[in-house]
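Heads up, model33.pdb below (PDB, C-alpha atoms (C1' of nucleotides)):
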```
ATOM      1  CA  MET A   1      51.444   8.553  37.394
ATOM      2  CA  LYS A   2      48.983   9.435  34.744
ATOM      3  CA  ALA A   3      46.860   6.888  32.999
ATOM      4  CA  ALA A   4      48.005   6.033  29.518
ATOM      5  CA  ALA A   5      46.721   8.507  26.980
ATOM      6  CA  PRO A   6      43.957   7.136  24.783
ATOM      7  CA  ALA A   7      45.088   6.127  21.342
ATOM      8  CA  LYS A   8      45.248   9.070  19.023
ATOM      9  CA  GLN A   9      42.307   9.266  16.681
ATOM     10  CA  TYR A  10      41.973  10.893  13.299
ATOM     11  CA  TRP A  11      39.225  12.883  11.690
ATOM     12  CA  LEU A  12      38.235  14.693   8.555
ATOM     13  CA  MET A  13      36.534  18.051   8.924
ATOM     14  CA  LYS A  14      34.915  19.810   6.020
ATOM     15  CA  THR A  15      34.854  23.501   5.461
ATOM     16  CA  GLU A  16      34.019  25.826   2.636
ATOM     17  CA  PRO A  17      37.127  27.878   1.959
ATOM     18  CA  ASP A  18      34.986  30.779   0.784
ATOM     19  CA  GLY A  19      33.801  31.031   4.364
ATOM     20  CA  PHE A  20      36.692  29.679   6.398
ATOM     21  CA  GLY A  21      39.573  27.786   4.819
ATOM     22  CA  ILE A  22      43.022  26.619   5.759
ATOM     23  CA  ALA A  23      44.430  30.100   5.109
ATOM     24  CA  ASP A  24      42.024  31.489   7.685
ATOM     25  CA  LEU A  25      42.964  28.804  10.175
ATOM     26  CA  GLU A  26      46.622  29.598   9.596
ATOM     27  CA  ARG A  27      45.923  33.237  10.324
ATOM     28  CA  VAL A  28      43.875  32.741  13.502
ATOM     29  CA  LYS A  29      45.757  29.602  14.627
ATOM     30  CA  LEU A  30      42.855  28.399  16.729
ATOM     31  CA  GLU A  31      39.183  28.206  15.856
ATOM     32  CA  PRO A  32      36.154  26.916  17.756
ATOM     33  CA  TRP A  33      34.372  24.635  15.297
ATOM     34  CA  THR A  34      30.954  26.169  15.752
ATOM     35  CA  GLY A  35      27.922  25.930  13.539
ATOM     36  CA  VAL A  36      27.721  22.165  13.225
ATOM     37  CA  ARG A  37      24.020  21.330  13.412
ATOM     38  CA  ASN A  38      24.034  17.653  12.704
ATOM     39  CA  TYR A  39      23.844  15.172  15.546
ATOM     40  CA  MET A  40      26.154  12.608  14.053
ATOM     41  CA  ALA A  41      28.810  15.219  13.385
ATOM     42  CA  ARG A  42      28.384  16.576  16.884
ATOM     43  CA  ASN A  43      28.693  13.119  18.368
ATOM     44  CA  TYR A  44      31.929  12.545  16.518
ATOM     45  CA  MET A  45      33.252  15.789  17.959
ATOM     46  CA  ARG A  46      32.286  14.521  21.396
ATOM     47  CA  GLN A  47      34.427  11.462  20.774
ATOM     48  CA  MET A  48      37.486  13.538  20.014
ATOM     49  CA  SER A  49      40.439  13.852  22.338
ATOM     50  CA  VAL A  50      42.991  16.616  22.662
ATOM     51  CA  GLY A  51      45.788  15.960  20.208
ATOM     52  CA  ASP A  52      43.719  14.077  17.655
ATOM     53  CA  GLY A  53      44.740  14.649  14.042
ATOM     54  CA  VAL A  54      42.442  16.425  11.618
ATOM     55  CA  LEU A  55      42.410  16.455   7.834
ATOM     56  CA  PHE A  56      41.194  19.888   6.830
ATOM     57  CA  TYR A  57      38.982  19.371   3.805
ATOM     58  CA  HIS A  58      37.802  22.049   1.423
ATOM     59  CA  SER A  59      34.335  21.401   0.017
ATOM     60  CA  SER A  60      32.139  23.276  -2.450
ATOM     61  CA  VAL A  61      35.169  24.449  -4.366
ATOM     62  CA  ASP A  62      36.703  23.296  -7.601
ATOM     63  CA  PRO A  63      38.398  21.030  -6.999
ATOM     64  CA  PRO A  64      37.476  19.832  -3.530
ATOM     65  CA  GLY A  65      40.224  18.199  -1.489
ATOM     66  CA  VAL A  66      42.368  18.026   1.624
ATOM     67  CA  ALA A  67      44.136  21.354   2.027
ATOM     68  CA  GLY A  68      45.894  21.002   5.340
ATOM     69  CA  LEU A  69      46.276  19.476   8.751
ATOM     70  CA  ALA A  70      44.905  20.565  12.074
ATOM     71  CA  ARG A  71      44.786  19.243  15.600
ATOM     72  CA  VAL A  72      42.109  19.000  18.252
ATOM     73  CA  GLU A  73      43.161  21.509  20.877
ATOM     74  CA  THR A  74      40.196  21.649  23.257
ATOM     75  CA  THR A  75      37.192  19.410  23.676
ATOM     76  CA  GLY A  76      33.782  20.076  25.196
ATOM     77  CA  VAL A  77      33.552  23.639  23.911
ATOM     78  CA  VAL A  78      30.044  25.058  24.108
ATOM     79  CA  ASP A  79      29.014  26.430  20.735
ATOM     80  CA  ALA A  80      28.202  30.047  21.561
ATOM     81  CA  THR A  81      26.407  30.661  18.276
ATOM     82  CA  GLN A  82      23.401  28.634  19.447
ATOM     83  CA  PHE A  83      22.558  31.371  21.975
ATOM     84  CA  ASP A  84      23.103  34.286  19.630
ATOM     85  CA  PRO A  85      19.852  35.427  18.025
ATOM     86  CA  GLU A  86      21.906  37.261  15.421
ATOM     87  CA  SER A  87      23.641  34.082  14.325
ATOM     88  CA  LYS A  88      22.379  31.896  11.542
ATOM     89  CA  TYR A  89      23.131  29.021  13.889
ATOM     90  CA  TYR A  90      20.841  30.341  16.606
ATOM     91  CA  GLU A  91      18.868  27.557  18.262
ATOM     92  CA  ALA A  92      15.926  28.867  20.254
ATOM     93  CA  LYS A  93      15.263  25.562  21.968
ATOM     94  CA  SER A  94      18.756  25.238  23.381
ATOM     95  CA  LYS A  95      19.058  26.123  27.060
ATOM     96  CA  ARG A  96      22.147  27.596  28.675
ATOM     97  CA  GLU A  97      22.031  25.025  31.444
ATOM     98  CA  ALA A  98      21.825  22.236  28.897
ATOM     99  CA  PRO A  99      23.385  23.333  25.629
ATOM    100  CA  LEU A 100      22.374  21.271  22.644
ATOM    101  CA  TRP A 101      25.478  21.933  20.617
ATOM    102  CA  ASP A 102      29.083  21.744  21.593
ATOM    103  CA  CYS A 103      32.238  21.476  19.577
ATOM    104  CA  VAL A 104      36.020  21.454  19.750
ATOM    105  CA  ASN A 105      38.742  24.012  19.257
ATOM    106  CA  VAL A 106      40.809  23.228  16.188
ATOM    107  CA  ALA A 107      44.448  24.325  15.972
ATOM    108  CA  TYR A 108      46.356  25.000  12.785
ATOM    109  CA  VAL A 109      49.131  22.524  12.053
ATOM    110  CA  GLU A 110      50.136  22.990   8.439
ATOM    111  CA  THR A 111      49.040  23.723   4.918
ATOM    112  CA  LEU A 112      49.891  20.746   2.758
ATOM    113  CA  PRO A 113      52.458  21.600   0.082
ATOM    114  CA  THR A 114      50.460  19.489  -2.347
ATOM    115  CA  TYR A 115      46.709  19.930  -2.300
ATOM    116  CA  VAL A 116      45.212  16.427  -2.227
ATOM    117  CA  GLU A 117      42.258  16.582  -4.576
ATOM    118  CA  LEU A 118      39.166  14.481  -4.120
ATOM    119  CA  ALA A 119      39.979  12.820  -7.448
ATOM    120  CA  ALA A 120      43.364  11.792  -6.046
ATOM    121  CA  LEU A 121      41.681  10.308  -2.987
ATOM    122  CA  ARG A 122      39.378   8.331  -5.235
ATOM    123  CA  ALA A 123      42.288   7.131  -7.340
ATOM    124  CA  GLU A 124      44.157   5.725  -4.348
ATOM    125  CA  PRO A 125      43.289   2.075  -3.635
ATOM    126  CA  ALA A 126      44.446   2.351  -0.029
ATOM    127  CA  LEU A 127      41.692   4.906   0.553
ATOM    128  CA  ALA A 128      38.886   2.994  -1.118
ATOM    129  CA  LYS A 129      36.987   2.589   2.139
ATOM    130  CA  MET A 130      37.137   6.208   3.209
ATOM    131  CA  MET A 131      33.843   7.482   4.441
ATOM    132  CA  CYS A 132      34.020  10.727   2.522
ATOM    133  CA  LEU A 133      34.283   8.850  -0.777
ATOM    134  CA  ARG A 134      30.999   7.098  -0.282
ATOM    135  CA  LYS A 135      28.192   8.240  -2.486
ATOM    136  CA  GLY A 136      25.960  10.748  -0.823
ATOM    137  CA  MET A 137      28.249  11.156   2.173
ATOM    138  CA  ARG A 138      27.891  14.697   3.340
ATOM    139  CA  LEU A 139      28.716  14.502   7.004
ATOM    140  CA  SER A 140      30.962  17.436   7.870
ATOM    141  CA  VAL A 141      32.869  15.598  10.588
ATOM    142  CA  GLN A 142      34.027  12.055   9.897
ATOM    143  CA  PRO A 143      36.425   9.578  11.447
ATOM    144  CA  VAL A 144      39.382   8.401   9.363
ATOM    145  CA  THR A 145      41.732   5.564  10.181
ATOM    146  CA  ALA A 146      45.352   6.094  11.163
ATOM    147  CA  ALA A 147      46.410   4.440   7.918
ATOM    148  CA  GLU A 148      44.195   6.687   5.808
ATOM    149  CA  TYR A 149      45.450   9.736   7.621
ATOM    150  CA  ALA A 150      49.080   8.728   7.130
ATOM    151  CA  LYS A 151      48.501   8.003   3.461
ATOM    152  CA  ILE A 152      46.936  11.388   2.823
ATOM    153  CA  VAL A 153      49.692  13.190   4.709
ATOM    154  CA  THR A 154      52.208  11.395   2.489
ATOM    155  CA  MET A 155      50.286  12.414  -0.621
ATOM    156  CA  GLY A 156      50.147  15.983   0.606
ATOM    157  CA  HIS A 157      53.882  16.080   1.176
ATOM    158  CA  LYS A 158      54.725  14.594  -2.174
ATOM    159  CA  LYS A 159      56.356  17.002  -4.537
ATOM    160  CA  SER A 160      54.056  17.991  -7.315
ATOM    161  CA  ARG A 161      55.512  17.241 -10.680
ATOM    162  CA  PRO A 162      54.746  18.079 -14.282
ATOM    163  CA  ALA A 163      51.694  16.348 -15.691
ATOM    164  CA  THR A 164      53.712  14.753 -18.448
ATOM    165  CA  ALA A 165      57.387  14.131 -18.072
ATOM    166  CA  THR A 166      58.720  14.167 -21.593
ATOM    167  CA  LYS A 167      62.227  14.709 -20.411
ATOM    168  CA  SER A 168      64.021  12.864 -17.703
ATOM    169  CA  LYS A 169      64.030  14.706 -14.453
ATOM    170  CA  PRO A 170      67.166  16.442 -13.333
ATOM    171  CA  ALA A 171      69.064  14.583 -10.685
ATOM    172  CA  PRO A 172      67.863  15.401  -7.195
ATOM    173  CA  LYS A 173      69.869  18.043  -5.452
ATOM    174  CA  LYS A 174      72.413  16.877  -2.979
ATOM    175  CA  ARG A 175      71.809  17.747   0.588
TER
ATOM    176  C1'  DG B   1      22.459  25.280 -11.924
ATOM    177  C1'  DC B   2      21.230  20.463 -11.490
ATOM    178  C1'  DC B   3      20.046  16.809  -8.811
ATOM    179  C1'  DA B   4      20.932  12.657  -5.822
ATOM    180  C1'  DA B   5      21.255  11.643  -1.251
ATOM    181  C1'  DC B   6      20.465  12.448   3.172
ATOM    182  C1'  DG B   7      18.685  14.505   7.809
ATOM    183  C1'  DT B   8      14.902  16.691   9.969
ATOM    184  C1'  DT B   9      10.237  17.964  10.684
ATOM    185  C1'  DG B  10       5.538  17.431  11.442
ATOM    186  C1'  DG B  11       0.951  15.394  10.524
ATOM    187  C1'  DC B  12      -1.415  11.500  11.575
TER
ATOM    188  C1'  DG C   1       6.348   5.426  15.240
ATOM    189  C1'  DC C   2       5.611   5.853  10.373
ATOM    190  C1'  DC C   3       6.498   8.376   6.344
ATOM    191  C1'  DA C   4       5.894  12.235   3.039
ATOM    192  C1'  DA C   5       7.471  16.730   2.410
ATOM    193  C1'  DC C   6      10.932  19.751   2.783
ATOM    194  C1'  DG C   7      15.559  21.823   3.204
ATOM    195  C1'  DT C   8      20.423  21.234   2.747
ATOM    196  C1'  DT C   9      24.751  19.444   1.152
ATOM    197  C1'  DG C  10      28.085  19.076  -2.168
ATOM    198  C1'  DG C  11      29.967  16.883  -6.362
ATOM    199  C1'  DC C  12      29.480  17.458 -11.005
TER
END
```
Written as structure tokens, how would this file's structure read?
Amino acid sequence: MKAAAPAKQYWLMKTEPDGFGIADLERVKLEPWTGVRNYMARNYMRQMSVGDGVLFYHSSVDPPGVAGLARVETTGVVDATQFDPESKYYEAKSKREAPLWDCVNVAYVETLPTYVELAALRAEPALAKMMCLRKGMRLSVQPVTAAEYAKIVTMGHKKSRPATATKSKPAPKKR
DNA sequence: GCCAACGTTGGC
DNA sequence: GCCAACGTTGGC
């Protein structure tokens, strides 16, 4: 009998959609999260387990926000870009026998029907303690709690509605 | 494009 | 091991 699986953990991973966004992840389905060159972010990736939930966050766009969901598919992936002199992530001091940078493979789960803007995260009291809302927080890989993750998934699944409802909404369709 | 905040580097 | 200088991130 297998040991009990570790409790599922949740993370937020930032990306610039101009480079690689949720639409790209949807297309390729699986992406090694290479190019992270920050030790704290790397260490968080080392703490990940297969199956962990990921909030896929779009940064450096207007507006920034959570665009989709992903899942940790493989852990302990050596970041190949560190050995590629052509890559902007090339790291001359990293040795093949002791790679400095490793990462995880991230699998596409879904694109949220409602894009959860940063402003919406800030406006939600239940998310007040989120790391990514802290001033100056620019870590590209961050832990989030199960409750925060669930809340954001709910927000992302909420039907978007008109900014101002001057008229009463039509009755919901019967199923 | 600005700039605050932060991580990293390197001189000492 | 301190800390100033520098580069980068990322919201605004």
Counting all atoms listed in the file, chain C residues within 8 Å of chain A, as a PDB file with C-alpha atoms (C1' of nucleotides), in the frame of the given file:
```pdb
ATOM      1  C1'  DT C   9      24.751  19.444   1.152  1.00  0.00           C
ATOM      2  C1'  DG C  10      28.085  19.076  -2.168  1.00  0.00           C
ATOM      3  C1'  DG C  11      29.967  16.883  -6.362  1.00  0.00           C
TER       4       DG C  11
END
```
CA of Val116 (chain A) to CA of Gly65 (chain A), straight-line distance in Å
5.3 Å
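If you look at CA of Val54 (chain A) and CA of Glu86 (chain A), they are 29.5 Å away from each other.
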Between CA of Ala146 (chain A) and CA of Thr74 (chain A), distance in Å (one decimal):
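So the two atoms, CA of Ala146 (chain A) and CA of Thr74 (chain A), lie 20.4 Å apart.
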Given all atoms listed in the file as the basis, pick out the residue of A:Leu30, A:Leu112, A:Val66, A:Val78 nearest to Lys158 (chain A).
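Smallest separation from Lys158 (chain A) among the options: A:Leu112.
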Where is the centre and how long are the edges: axis-aligned box on region 125-140 of chain A, 4 Å on each side, Å to one decimal, as lines of an AutoDock Vina configuration file:
```
center_x = 35.2
center_y = 9.8
center_z = 2.1
size_x = 26.5
size_y = 23.4
size_z = 19.5
```
Taking the file as I've supplied it (selection: the PyMOL selection byres ((chain B and resi 2) around 9)), which residues are included? Please answer as number ranges by chain.
B: 1, 3; C: 12
What would the file look like if the residues just selected were written as a PDB file, keeping the file's coordinate frame with C-alpha atoms (C1' of nucleotides)?
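File written: out-v3.pdb
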```pdb
ATOM      1  C1'  DG B   1      22.459  25.280 -11.924  1.00  0.00           C
ATOM      2  C1'  DC B   3      20.046  16.809  -8.811  1.00  0.00           C
TER       3       DC B   3
ATOM      4  C1'  DC C  12      29.480  17.458 -11.005  1.00  0.00           C
TER       5       DC C  12
END
```
Tell me which protein, DNA and RNA residues are within 9 Å of region 10-17 of chain A, counting all atoms listed in the file, leaving out same-chain ones fewer than 3 positions away, and put them as a PyMOL selection string.
chain A and resi 20-24+44+48+52-61+66+132+139-146+148-149
Need the neighbours of (45.2, 19.7, 17.9): which residues are at most 9 Å away, counting all atoms listed in the file, as a ChimeraX atom specification?
/A:49-54,70-74,105-109
Would you list the residues near (21.1, 14.7, 8.0) (no more than 9 Å away, in the coordinates of the file, using all atoms listed in the file) as a ChimeraX atom specification?
/A:38-40,138-139 /B:6-8 /C:8
C-alpha atoms (C1' of nucleotides) of the current selection, written as a compact mmCIF listing (two decimals), in the frame of the given file:
```txt
# COMPACT_ATOMS: atom_id res chain seq x y z
CA ASN A 38 24.03 17.65 12.70
CA TYR A 39 23.84 15.17 15.55
CA MET A 40 26.15 12.61 14.05
CA ARG A 138 27.89 14.70 3.34
CA LEU A 139 28.72 14.50 7.00
C1' DC B 6 20.46 12.45 3.17
C1' DG B 7 18.68 14.50 7.81
C1' DT B 8 14.90 16.69 9.97
C1' DT C 8 20.42 21.23 2.75
```
